[in-house]
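Everything below belongs to entry.cif, which stores mmCIF, C-alpha atoms.
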```cif
data_structure
loop_
_atom_site.label_atom_id
_atom_site.label_comp_id
_atom_site.auth_asym_id
_atom_site.auth_seq_id
_atom_site.Cartn_x
_atom_site.Cartn_y
_atom_site.Cartn_z
CA MET A 1 -2.70 61.86 76.98
CA GLN A 2 -6.14 61.31 75.52
CA HIS A 3 -5.26 63.51 72.57
CA GLN A 4 -2.11 61.43 71.79
CA LEU A 5 -4.09 58.18 72.10
CA HIS A 6 -6.75 59.52 69.72
CA HIS A 7 -4.06 60.57 67.26
CA ALA A 8 -2.45 57.12 67.35
CA ARG A 9 -5.78 55.39 66.77
CA ALA A 10 -6.50 57.71 63.84
CA SER A 11 -3.12 57.04 62.22
CA ARG A 12 -3.37 53.22 62.24
CA PRO A 13 -5.91 52.89 59.41
CA HIS A 14 -3.86 55.19 57.24
CA GLY A 15 -0.79 52.95 57.63
CA SER A 16 -2.84 49.81 56.77
CA VAL A 17 -4.10 51.45 53.62
CA VAL A 18 -0.57 52.24 52.53
CA VAL A 19 0.59 48.69 53.12
CA THR A 20 -2.40 47.29 51.25
CA ALA A 21 -1.79 49.64 48.34
CA LEU A 22 1.87 48.63 48.14
CA PHE A 23 0.87 44.96 48.20
CA LEU A 24 -1.62 45.44 45.38
CA VAL A 25 0.91 47.34 43.28
CA THR A 26 3.44 44.56 43.76
CA ILE A 27 0.93 41.88 42.75
CA SER A 28 -0.09 43.89 39.69
CA ALA A 29 3.51 44.29 38.62
CA ILE A 30 4.13 40.56 38.97
CA SER A 31 0.98 39.76 36.96
CA VAL A 32 1.92 42.18 34.20
CA HIS A 33 5.38 40.63 34.02
CA LYS A 34 3.93 37.12 33.74
CA ILE A 35 1.45 38.19 31.06
CA TRP A 36 4.19 39.93 29.08
CA LYS A 37 6.45 36.89 29.36
CA GLY A 38 3.62 34.57 28.26
CA LEU A 39 2.90 36.74 25.23
CA MET A 40 6.58 36.70 24.27
CA ASP A 41 6.72 32.91 24.64
CA GLU A 42 3.61 32.50 22.48
CA SER A 43 5.05 34.82 19.87
CA THR A 44 8.30 32.86 19.78
CA ALA A 45 6.47 29.53 19.57
CA ALA A 46 4.21 30.80 16.77
CA LYS A 47 7.26 32.01 14.87
CA ASN A 48 9.00 28.64 15.29
CA ASP A 49 5.86 26.81 14.16
CA GLN A 50 5.60 29.03 11.11
CA ASP A 51 9.26 28.46 10.25
CA HIS A 52 8.81 24.71 10.68
CA HIS A 53 5.66 24.79 8.54
CA ASP A 54 7.40 26.79 5.81
CA GLU A 55 10.36 24.41 5.85
CA LYS A 56 8.00 21.41 5.65
CA GLU A 57 6.15 22.97 2.72
CA GLU A 58 9.43 23.59 0.92
CA ASN A 59 10.46 19.98 1.44
CA ASN A 60 7.06 18.76 0.23
CA ASP A 61 7.28 20.98 -2.84
CA GLU A 62 10.70 19.57 -3.65
CA THR A 63 9.85 15.89 -3.14
CA ASP A 64 6.18 15.79 -4.22
CA THR A 65 5.77 18.02 -7.23
CA ASP A 66 2.76 16.11 -8.48
CA SER A 67 -0.15 15.69 -6.02
CA LYS A 68 -1.57 12.78 -8.00
CA ASP A 69 1.68 10.84 -7.71
CA LYS A 70 1.67 11.48 -3.97
CA GLU A 71 -1.87 10.13 -3.65
CA ASN A 72 -0.97 7.02 -5.62
CA HIS A 73 2.13 6.56 -3.47
CA ILE A 74 0.02 6.59 -0.30
CA LYS A 75 -2.66 4.53 -1.96
CA TYR A 76 -0.57 1.67 -3.22
CA ASN A 77 2.31 1.52 -0.75
CA SER A 78 2.10 0.19 2.75
CA PRO A 79 2.82 2.78 5.47
CA SER A 80 4.89 0.18 7.30
CA ARG A 81 7.54 0.42 4.60
CA HIS A 82 8.12 4.08 5.35
CA GLY A 83 7.98 4.01 9.14
CA HIS A 84 5.00 6.32 9.62
CA GLY A 85 2.26 6.28 12.24
CA TRP A 86 0.35 3.63 14.12
CA TYR A 87 0.44 1.26 11.15
CA ASP A 88 3.97 0.13 12.10
CA HIS A 89 2.80 -1.24 15.42
CA LEU A 90 0.29 -3.67 13.88
CA PRO A 91 1.29 -7.31 13.34
CA SER A 92 2.45 -8.08 9.81
CA HIS A 93 -0.47 -10.41 9.07
CA ILE A 94 -2.97 -7.67 9.95
CA GLN A 95 -1.11 -5.23 7.72
CA ARG A 96 -1.34 -7.72 4.84
CA GLU A 97 -5.07 -8.20 5.38
CA GLN A 98 -5.65 -4.45 5.43
CA MET A 99 -3.67 -4.08 2.22
CA LYS A 100 -5.76 -6.83 0.59
CA GLU A 101 -8.97 -5.12 1.70
CA ARG A 102 -7.87 -1.78 0.23
CA ARG A 103 -6.99 -3.42 -3.08
CA ARG A 104 -10.30 -5.28 -3.13
CA LYS A 105 -12.24 -2.05 -2.68
CA GLU A 106 -10.23 -0.42 -5.46
CA LYS A 107 -11.24 -3.19 -7.88
CA ILE A 108 -14.96 -3.11 -7.05
CA PRO A 109 -15.87 -0.37 -9.59
CA MET A 110 -14.16 -2.36 -12.35
CA LEU A 111 -15.92 -5.62 -11.45
CA ALA A 112 -19.37 -4.15 -10.81
CA LEU A 113 -22.12 -4.07 -13.41
CA LYS A 114 -22.09 -0.99 -15.63
CA SER A 115 -25.80 -1.26 -16.43
CA LYS A 116 -28.93 -2.81 -14.94
CA LEU A 117 -29.13 -6.60 -14.83
CA TYR A 118 -32.91 -6.74 -15.33
CA ASP A 119 -34.59 -4.73 -18.10
CA ASN A 120 -37.92 -6.53 -17.55
CA ILE A 121 -38.99 -6.47 -21.20
CA THR A 122 -42.21 -8.50 -21.57
CA MET A 123 -42.36 -11.04 -24.40
CA LEU A 124 -45.84 -11.91 -25.75
CA ASP A 125 -46.90 -14.72 -28.05
CA PRO A 126 -48.96 -13.95 -31.21
CA GLN A 127 -52.16 -14.28 -29.15
CA GLY A 128 -50.96 -11.68 -26.62
CA GLN A 129 -50.19 -14.10 -23.77
CA ILE A 130 -47.12 -13.41 -21.62
CA LEU A 131 -44.26 -15.82 -22.24
CA CYS A 132 -41.46 -14.41 -20.09
CA LYS A 133 -39.34 -11.39 -19.18
CA ILE A 134 -36.18 -10.80 -21.22
CA SER A 135 -33.41 -8.22 -21.53
CA ARG A 136 -33.62 -5.24 -23.87
CA LYS A 137 -30.65 -6.57 -25.82
CA LYS A 138 -32.45 -9.82 -26.58
CA ALA A 139 -35.64 -7.94 -27.43
CA ARG A 140 -33.77 -5.84 -29.97
CA TRP A 141 -32.32 -8.99 -31.50
CA TYR A 142 -35.82 -10.42 -32.07
CA VAL A 143 -36.98 -7.14 -33.62
CA GLN A 144 -33.92 -6.75 -35.85
CA LYS A 145 -34.40 -10.31 -37.15
CA ASN A 146 -38.04 -9.43 -37.91
CA LEU A 147 -39.18 -12.14 -35.49
CA ALA A 148 -41.05 -9.73 -33.24
CA GLU A 149 -42.33 -6.19 -33.06
CA TRP A 150 -42.55 -3.66 -30.30
CA LYS A 151 -45.90 -3.47 -28.56
CA ARG A 152 -46.36 0.25 -28.08
CA GLU A 153 -48.37 2.19 -25.59
CA GLU A 154 -51.39 4.19 -26.70
CA THR A 155 -49.43 7.40 -26.28
CA ASN A 156 -47.25 6.36 -29.23
CA ILE A 157 -50.01 5.71 -31.78
CA ASN A 158 -48.87 8.60 -33.98
CA ASP A 159 -45.35 7.18 -34.01
CA THR A 160 -46.76 3.84 -35.11
CA ALA A 161 -48.52 5.46 -38.06
CA ASN A 162 -45.30 7.19 -39.10
CA ASP A 163 -43.36 3.92 -38.93
CA THR A 164 -45.99 2.22 -41.09
CA ALA A 165 -45.41 4.78 -43.83
CA ASN A 166 -41.64 4.39 -43.54
CA PRO A 167 -40.19 1.54 -45.68
CA ASN A 168 -37.23 1.17 -43.29
CA THR A 169 -39.43 0.54 -40.24
CA ASN A 170 -38.11 -2.97 -39.54
CA ALA A 171 -34.50 -1.87 -39.72
CA ASN A 172 -35.00 1.07 -37.37
CA ASN A 173 -37.68 -0.46 -35.18
CA ALA A 174 -35.33 -1.45 -32.38
CA ASN A 175 -33.71 1.98 -32.10
CA ALA A 176 -36.99 3.93 -32.43
CA ASN A 177 -38.64 2.10 -29.53
CA THR A 178 -36.08 2.34 -26.77
CA ASN A 179 -38.79 3.34 -24.31
CA ALA A 180 -41.12 0.43 -25.11
CA ASN A 181 -41.21 -2.43 -22.59
CA THR A 182 -43.06 -5.13 -24.55
CA ILE A 183 -42.46 -7.13 -27.72
CA GLN A 184 -44.83 -9.53 -29.48
CA LEU A 185 -43.59 -12.51 -31.43
CA LYS A 186 -44.62 -12.96 -35.07
CA PHE A 187 -44.35 -16.75 -34.88
CA GLU A 188 -45.71 -19.48 -32.69
CA PRO A 189 -43.01 -20.72 -30.25
CA LYS A 190 -42.18 -24.41 -30.39
CA ALA A 191 -42.43 -24.84 -26.63
CA ARG A 192 -43.99 -22.91 -23.80
CA SER A 193 -42.72 -22.73 -20.29
CA THR A 194 -44.91 -24.30 -17.64
CA ASP A 195 -43.52 -21.84 -15.12
CA HIS A 196 -46.28 -19.38 -14.25
CA ASP A 197 -44.42 -17.31 -11.68
CA TYR A 198 -40.65 -16.73 -11.66
CA GLY A 199 -39.95 -16.27 -15.38
CA LYS A 200 -42.86 -13.85 -15.86
CA ARG A 201 -42.29 -11.72 -12.79
CA THR A 202 -40.78 -8.23 -12.84
CA LYS A 203 -37.44 -8.33 -11.01
CA LYS A 204 -35.96 -5.44 -9.05
CA ASN A 205 -32.37 -4.34 -9.55
CA VAL A 206 -31.48 -4.56 -5.86
CA CYS A 207 -29.28 -6.82 -3.76
CA VAL A 208 -31.35 -9.92 -3.01
CA ALA A 209 -29.74 -10.17 0.44
CA CYS A 210 -29.92 -6.66 1.93
CA GLY A 211 -32.08 -4.87 -0.63
CA ASP A 212 -29.52 -2.12 -1.29
CA ALA A 213 -29.80 -0.47 -4.71
CA GLU A 214 -27.08 2.20 -4.37
CA LYS A 215 -23.88 0.19 -3.85
CA HIS A 216 -21.92 -1.42 -6.66
CA GLN A 217 -23.83 -4.50 -7.78
CA MET A 218 -22.46 -7.77 -9.15
CA ARG A 219 -23.79 -11.01 -10.58
CA PHE A 220 -23.52 -13.93 -8.21
CA TYR A 221 -23.70 -17.53 -9.39
CA ILE A 222 -25.47 -19.59 -6.74
CA VAL A 223 -23.94 -22.68 -8.34
CA PRO A 224 -20.30 -21.51 -8.71
CA HIS A 225 -19.37 -20.59 -12.26
CA VAL A 226 -16.43 -23.02 -12.34
CA TYR A 227 -18.98 -25.85 -12.02
CA ARG A 228 -21.75 -24.29 -14.08
CA ASN A 229 -19.36 -23.70 -16.97
CA LEU A 230 -18.68 -27.46 -17.16
CA PHE A 231 -22.37 -28.47 -17.11
CA PRO A 232 -24.04 -29.87 -20.24
CA LYS A 233 -25.94 -27.21 -22.17
CA LYS A 234 -29.37 -28.27 -20.97
CA TYR A 235 -28.42 -27.39 -17.39
CA LYS A 236 -27.28 -23.85 -18.15
CA THR A 237 -28.97 -22.63 -21.37
CA HIS A 238 -31.87 -20.24 -20.71
CA MET A 239 -31.48 -20.86 -16.98
CA SER A 240 -31.09 -17.55 -15.16
CA HIS A 241 -32.77 -18.76 -11.98
CA ASP A 242 -29.45 -19.39 -10.23
CA VAL A 243 -27.87 -16.04 -11.18
CA VAL A 244 -28.83 -13.31 -8.70
CA LEU A 245 -27.81 -9.76 -7.93
CA LEU A 246 -25.71 -8.91 -4.85
CA CYS A 247 -24.01 -5.78 -3.57
CA SER A 248 -20.22 -5.87 -3.16
CA ASP A 249 -20.35 -6.58 0.59
CA CYS A 250 -22.84 -9.45 0.35
CA HIS A 251 -20.99 -10.78 -2.70
CA LEU A 252 -17.80 -11.02 -0.63
CA ILE A 253 -19.56 -12.94 2.16
CA CYS A 254 -21.17 -15.42 -0.21
CA GLY A 255 -18.03 -15.83 -2.29
CA GLN A 256 -15.87 -16.69 0.71
CA ALA A 257 -18.42 -19.20 2.01
CA SER A 258 -18.73 -20.78 -1.45
CA ASN A 259 -14.97 -21.19 -1.75
CA ILE A 260 -14.85 -23.05 1.57
CA ARG A 261 -17.63 -25.41 0.46
CA MET A 262 -15.94 -25.96 -2.92
CA ASN A 263 -12.72 -27.01 -1.22
CA GLU A 264 -14.64 -29.45 0.98
CA LEU A 265 -16.38 -31.00 -2.05
CA GLU A 266 -13.19 -31.34 -4.06
CA GLU A 267 -11.20 -32.85 -1.19
CA ARG A 268 -13.47 -35.90 -1.34
CA PHE A 269 -11.89 -36.79 -4.71
CA HIS A 270 -8.29 -36.35 -3.48
CA PRO A 271 -7.15 -34.16 -6.39
CA GLN A 272 -3.49 -34.33 -7.35
CA LYS A 273 -1.27 -31.28 -7.16
CA LYS A 274 -0.80 -29.30 -10.34
CA TYR A 275 2.96 -29.05 -9.82
CA HIS A 276 5.65 -31.14 -8.22
CA VAL A 277 8.35 -29.16 -6.44
CA ASP A 278 12.02 -29.94 -7.01
CA HIS A 279 13.24 -29.19 -3.48
CA GLU A 280 16.92 -29.16 -4.47
CA LEU A 281 16.36 -26.50 -7.12
CA TYR A 282 14.12 -24.59 -4.71
CA LYS A 283 16.91 -24.54 -2.10
CA MET A 284 19.41 -23.28 -4.67
CA ARG A 285 17.01 -20.54 -5.78
CA SER A 286 16.39 -19.44 -2.18
CA SER A 287 20.13 -19.18 -1.53
CA ALA A 288 20.62 -17.09 -4.67
CA MET A 289 17.83 -14.72 -3.62
CA ALA A 290 19.35 -14.38 -0.14
CA LEU A 291 22.74 -13.46 -1.61
CA MET A 292 21.20 -11.03 -4.09
CA ASN A 293 18.99 -9.16 -1.63
CA TRP A 294 20.45 -9.51 1.85
CA ARG A 295 24.15 -10.32 1.45
CA GLN A 296 25.25 -7.23 3.40
CA LYS A 297 23.20 -8.24 6.45
CA LEU A 298 24.12 -11.93 6.57
CA PRO A 299 26.90 -13.36 8.76
CA LEU A 300 29.90 -14.86 7.01
CA SER A 301 28.90 -18.44 7.84
CA GLN A 302 25.52 -18.08 6.12
CA ILE A 303 27.06 -16.38 3.09
CA GLU A 304 29.41 -19.33 2.63
CA HIS A 305 26.50 -21.76 3.04
CA HIS A 306 24.40 -19.98 0.40
CA GLU A 307 27.33 -19.71 -1.98
CA SER A 308 27.94 -23.46 -1.74
CA ASN A 309 24.25 -24.07 -2.63
CA VAL A 310 24.50 -21.77 -5.64
CA ARG A 311 27.66 -23.49 -6.86
CA LEU A 312 25.82 -26.80 -6.82
CA TYR A 313 23.63 -25.47 -9.63
CA PHE A 314 26.66 -25.02 -11.87
CA ASP A 315 29.12 -27.64 -10.63
CA LYS A 316 26.75 -30.61 -10.40
CA LYS A 317 24.11 -32.11 -12.61
CA LYS A 318 20.99 -29.94 -13.03
CA MET A 319 17.46 -30.49 -14.19
CA VAL A 320 16.55 -29.03 -17.56
CA MET A 321 13.11 -28.76 -19.18
CA ASN A 322 13.00 -30.03 -22.79
CA GLY A 323 9.58 -30.03 -24.44
CA GLY A 324 7.81 -30.60 -21.13
CA LYS A 325 9.95 -33.67 -20.27
CA MET A 326 12.61 -33.83 -17.62
CA SER A 327 16.17 -34.69 -18.59
CA ILE A 328 19.54 -34.47 -16.87
CA SER A 329 22.44 -32.61 -18.42
CA ASN A 330 25.88 -31.69 -17.16
CA SER A 331 26.65 -28.01 -16.86
CA ASP A 332 29.87 -26.74 -18.41
CA GLU A 333 29.83 -23.64 -16.24
CA THR A 334 32.36 -23.60 -13.48
CA PHE A 335 33.71 -20.58 -11.77
CA SER A 336 36.14 -19.64 -9.08
CA GLY A 337 36.16 -16.63 -6.85
CA VAL A 338 33.19 -14.35 -6.26
CA ILE A 339 29.80 -15.29 -7.67
CA THR A 340 28.60 -12.61 -10.09
CA LYS A 341 25.17 -10.99 -10.14
CA GLU A 342 24.49 -12.48 -13.57
CA GLN A 343 25.03 -15.97 -12.18
CA LEU A 344 22.76 -15.24 -9.22
CA GLN A 345 20.06 -13.97 -11.59
CA LYS A 346 20.30 -17.16 -13.61
CA VAL A 347 19.71 -19.29 -10.51
CA ILE A 348 16.90 -17.03 -9.26
CA HIS A 349 14.96 -17.50 -12.50
CA VAL A 350 15.24 -21.28 -12.51
CA ASP A 351 11.87 -23.07 -12.67
CA TYR A 352 11.75 -25.35 -9.65
CA ARG A 353 8.17 -26.52 -10.33
CA ILE A 354 7.48 -29.56 -12.51
CA GLN A 355 4.01 -29.74 -14.05
CA ASN A 356 2.04 -32.86 -13.23
CA PRO A 357 0.82 -34.46 -16.51
CA ASN A 358 -1.91 -36.36 -14.65
CA TYR A 359 -3.37 -33.27 -13.01
CA ILE A 360 -7.15 -32.83 -13.25
CA PRO A 361 -8.71 -29.66 -11.76
CA GLY A 362 -11.00 -30.17 -8.79
CA PRO A 363 -14.13 -28.77 -10.51
CA GLU A 364 -13.72 -31.28 -13.35
CA LEU A 365 -13.48 -34.15 -10.90
CA VAL A 366 -16.70 -33.03 -9.21
CA VAL A 367 -18.71 -32.51 -12.42
CA ASN A 368 -17.41 -35.67 -14.14
CA SER A 369 -18.58 -37.76 -11.20
CA MET A 370 -22.24 -36.86 -11.83
CA VAL A 371 -22.51 -35.51 -15.37
CA ASN A 372 -24.35 -38.62 -16.61
CA ASN A 373 -26.62 -38.88 -13.58
CA HIS A 374 -29.57 -36.48 -13.75
CA GLU A 375 -30.63 -37.18 -10.18
CA ALA A 376 -27.13 -36.46 -8.89
CA MET A 377 -27.04 -33.22 -10.88
CA SER A 378 -30.39 -32.22 -9.41
CA ASP A 379 -29.20 -32.88 -5.85
CA PHE A 380 -25.99 -30.96 -6.53
CA ILE A 381 -27.74 -27.84 -7.85
CA LYS A 382 -30.44 -27.85 -5.18
CA GLY A 383 -27.78 -28.34 -2.53
CA TRP A 384 -26.10 -25.12 -3.64
CA ARG A 385 -29.44 -23.31 -3.51
CA GLU A 386 -29.98 -24.44 0.07
CA PHE A 387 -26.45 -23.40 0.95
CA PHE A 388 -27.07 -19.92 -0.50
CA LEU A 389 -30.18 -19.47 1.64
CA GLU A 390 -28.41 -20.62 4.80
CA THR A 391 -25.36 -18.43 4.16
CA ILE A 392 -26.82 -15.00 3.40
CA HIS A 393 -30.51 -15.35 4.40
CA PRO A 394 -31.77 -13.28 1.43
CA ARG A 395 -34.88 -11.18 2.06
CA HIS A 396 -35.41 -9.76 -1.44
CA LEU A 397 -35.35 -12.75 -3.79
CA PRO A 398 -37.62 -12.39 -6.85
CA LYS A 399 -41.07 -13.88 -6.36
CA GLY A 400 -41.20 -17.43 -7.62
CA TRP A 401 -37.59 -18.24 -6.73
CA SER A 402 -37.45 -21.68 -5.13
CA ILE A 403 -35.02 -24.41 -4.16
CA HIS A 404 -37.16 -26.85 -6.13
CA TYR A 405 -37.24 -24.77 -9.31
CA PRO A 406 -36.51 -26.99 -12.38
CA ILE A 407 -32.82 -27.45 -13.15
CA THR A 408 -33.24 -27.61 -16.95
CA CYS A 409 -35.13 -25.45 -19.40
CA ASP A 410 -37.11 -28.46 -20.68
CA GLU A 411 -38.54 -29.12 -17.21
CA SER A 412 -39.65 -25.52 -16.71
#
```
As structure tokens, the full file:
Amino acid sequence: MQHQLHHARASRPHGSVVVTALFLVTISAISVHKIWKGLMDESTAAKNDQDHHDEKEENNDETDTDSKDKENHIKYNSPSRHGHGWYDHLPSHIQREQMKERRRKEKIPMLALKSKLYDNITMLDPQGQILCKISRKKARWYVQKNLAEWKREETNINDTANDTANPNTNANNANANTNANTIQLKFEPKARSTDHDYGKRTKKNVCVACGDAEKHQMRFYIVPHVYRNLFPKKYKTHMSHDVVLLCSDCHLICGQASNIRMNELEERFHPQKKYHVDHELYKMRSSAMALMNWRQKLPLSQIEHHESNVRLYFDKKKMVMNGGKMSISNSDETFSGVITKEQLQKVIHVDYRIQNPNYIPGPELVVNSMVNNHEAMSDFIKGWREFFLETIHPRHLPKGWSIHYPITCDES
């Protein structure tokens, strides 16, 4: 009895080991099956992705043979027209603003300065006193006219001796001294500037607002050019004080603020509109455009309404431009049946705007109101200088720049 009990106890662990081994084998088999199935699924997915990629590349090769054309297509066409991506979900007015911003950035390199604004060439009088700083182009003009000569550095003494022996020195002087930064007049100037700071200072070619020297830089007229261009000569000749250098970003900020202020100034004079709109012709033109572009999508009632408007252009009296004057003539064109595309095109191209002969641009109204009043001109110019400071808060203006700087060359 004890022997059988001992044998039973000894056999139990052996049975447990067998069961455990079978359990582990089963689990291993299941794991191997899952791993094998996963590898097969990944292989199938990779193959499908490769087929899809190859098919996409074939389609791209067929439709976009030129990569440059594809870039221009993406660059100049709105994504919303093609139904791609997140762009479609933006409101239309935001899409328009983004398109305007892209186009503005594309034009910046064309509008930016291609060379430095300030060459900082020093002009001396015959006694060696500093008169002002000028551009290299103007300095060359003085030298070519034999009104001045380059003031060379001591390192160029040998070059000076060679030029003295050369009979064509005056003719080649400007080109031979491209590295010189000073010219000296050969005549006594009629007038001397009383300005001892701004005109004689060296100016940096950086944005006067943020100090950036790397971005595209542009001239900015503190007094808007549309006004400055209408000023008498004494207010704009030899007056570079109100022309500063701005980067493209700061130029945009100042330009937008200036436009708002210009509109406010011009509204005080109640300017007339440049064109009068003939609303009847405008309605006929709109109907013709609707029929030309969206006829297939319009309901029958609207098509009949637009067709009746178009027929008015031919069946009734119409306005005709003759030498800038308005006259009324009867049209001989009548038609029955379907309106042709040629007739729609004729109505679409009708000029519904009538030019106002009494129109005066807003800038002219503003300048004419003060052109004969020096005090008013002074307040106007200084007002724009104050506005510039308040708008952009420039931190890098040239030394000597001031709101109260003289507004004419004679006063400086």
- Message: Env of range 262-270 of chain A: 12 Å cut, atoms = all atoms listed in the file, seq-sep filter 3 positions within chain, self excluded. Answer as a list in words.
- Response: Val223, Pro224, His225, Val226, Tyr227, Gly255, Gln256, Ala257, Ser258, Asn259, Lys273, Tyr359, Ile360, Pro361, Gly362, Pro363, Glu364, Leu365, Val366, Val367, Asn368, Ser369, Phe380, Gly383, Trp384 and Phe387 of chain A
- Message: Quick check on the file I pasted: which residues fall under the PyMOL selection byres ((chain A and resi 109) around 12)? Write them as an MDAnalysis selection string.
- Response: chainID A and resid 103:108 110:114 215:218 247:248
- Message: When you count only C-alpha atoms, which of these residues is closest to Thr202 in chain A: A:Glu386, A:Asp119, A:Glu342, A:Glu188?
- Response: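 Using only C-alpha atoms, Thr202 in chain A sits closest to A:Asp119.
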- Could you list the residues chosen by the PyMOL selection byres ((chain A and resi 345) around 12) in this structure as a ChimeraX atom specification? /A:284-293,310,339-344,346-350
- Note on the structure: Nearest to Glu304 in chain A, restricted to all atoms listed in the file and choosing among A:Ile183, A:Glu101, A:Lys145, A:Val338, comes out as A:Val338
- Nearest to Asp351 in chain A: which of A:Lys283, A:Arg219, A:Lys190, A:His374 is it, counting only C-alpha atoms?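 Looking at the shortest contact to Asp351 in chain A, the residue is A:Lys283.
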- Message: Given all atoms listed in the file as the basis, pick out the residue of A:Asn358, A:Gln184, A:Asn229, A:Ser240 nearest to Gly128 in chain A.
- Response: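 Smallest separation from Gly128 in chain A among the options: A:Gln184.
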- Expansion of the PyMOL selection byres ((chain A and resi 125) around 10) into residues, as a PyMOL selection string: chain A and resi 123-124+126-132+148+183-189+192
- Task: To one decimal in Å, tell me the separation between CA of Glu307 in chain A and CA of Tyr282 in chain A.
- Result: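 Pair CA of Glu307 in chain A / CA of Tyr282 in chain A returns 14.3 Å.
Pairwise distance (CA of Ile392 in chain A, CA of His241 in chain A) equals 16.9 Å.
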- Interatomic distance, CA of Val206 in chain A to CA of Arg140 in chain A (Å, one decimal): 24.3 Å
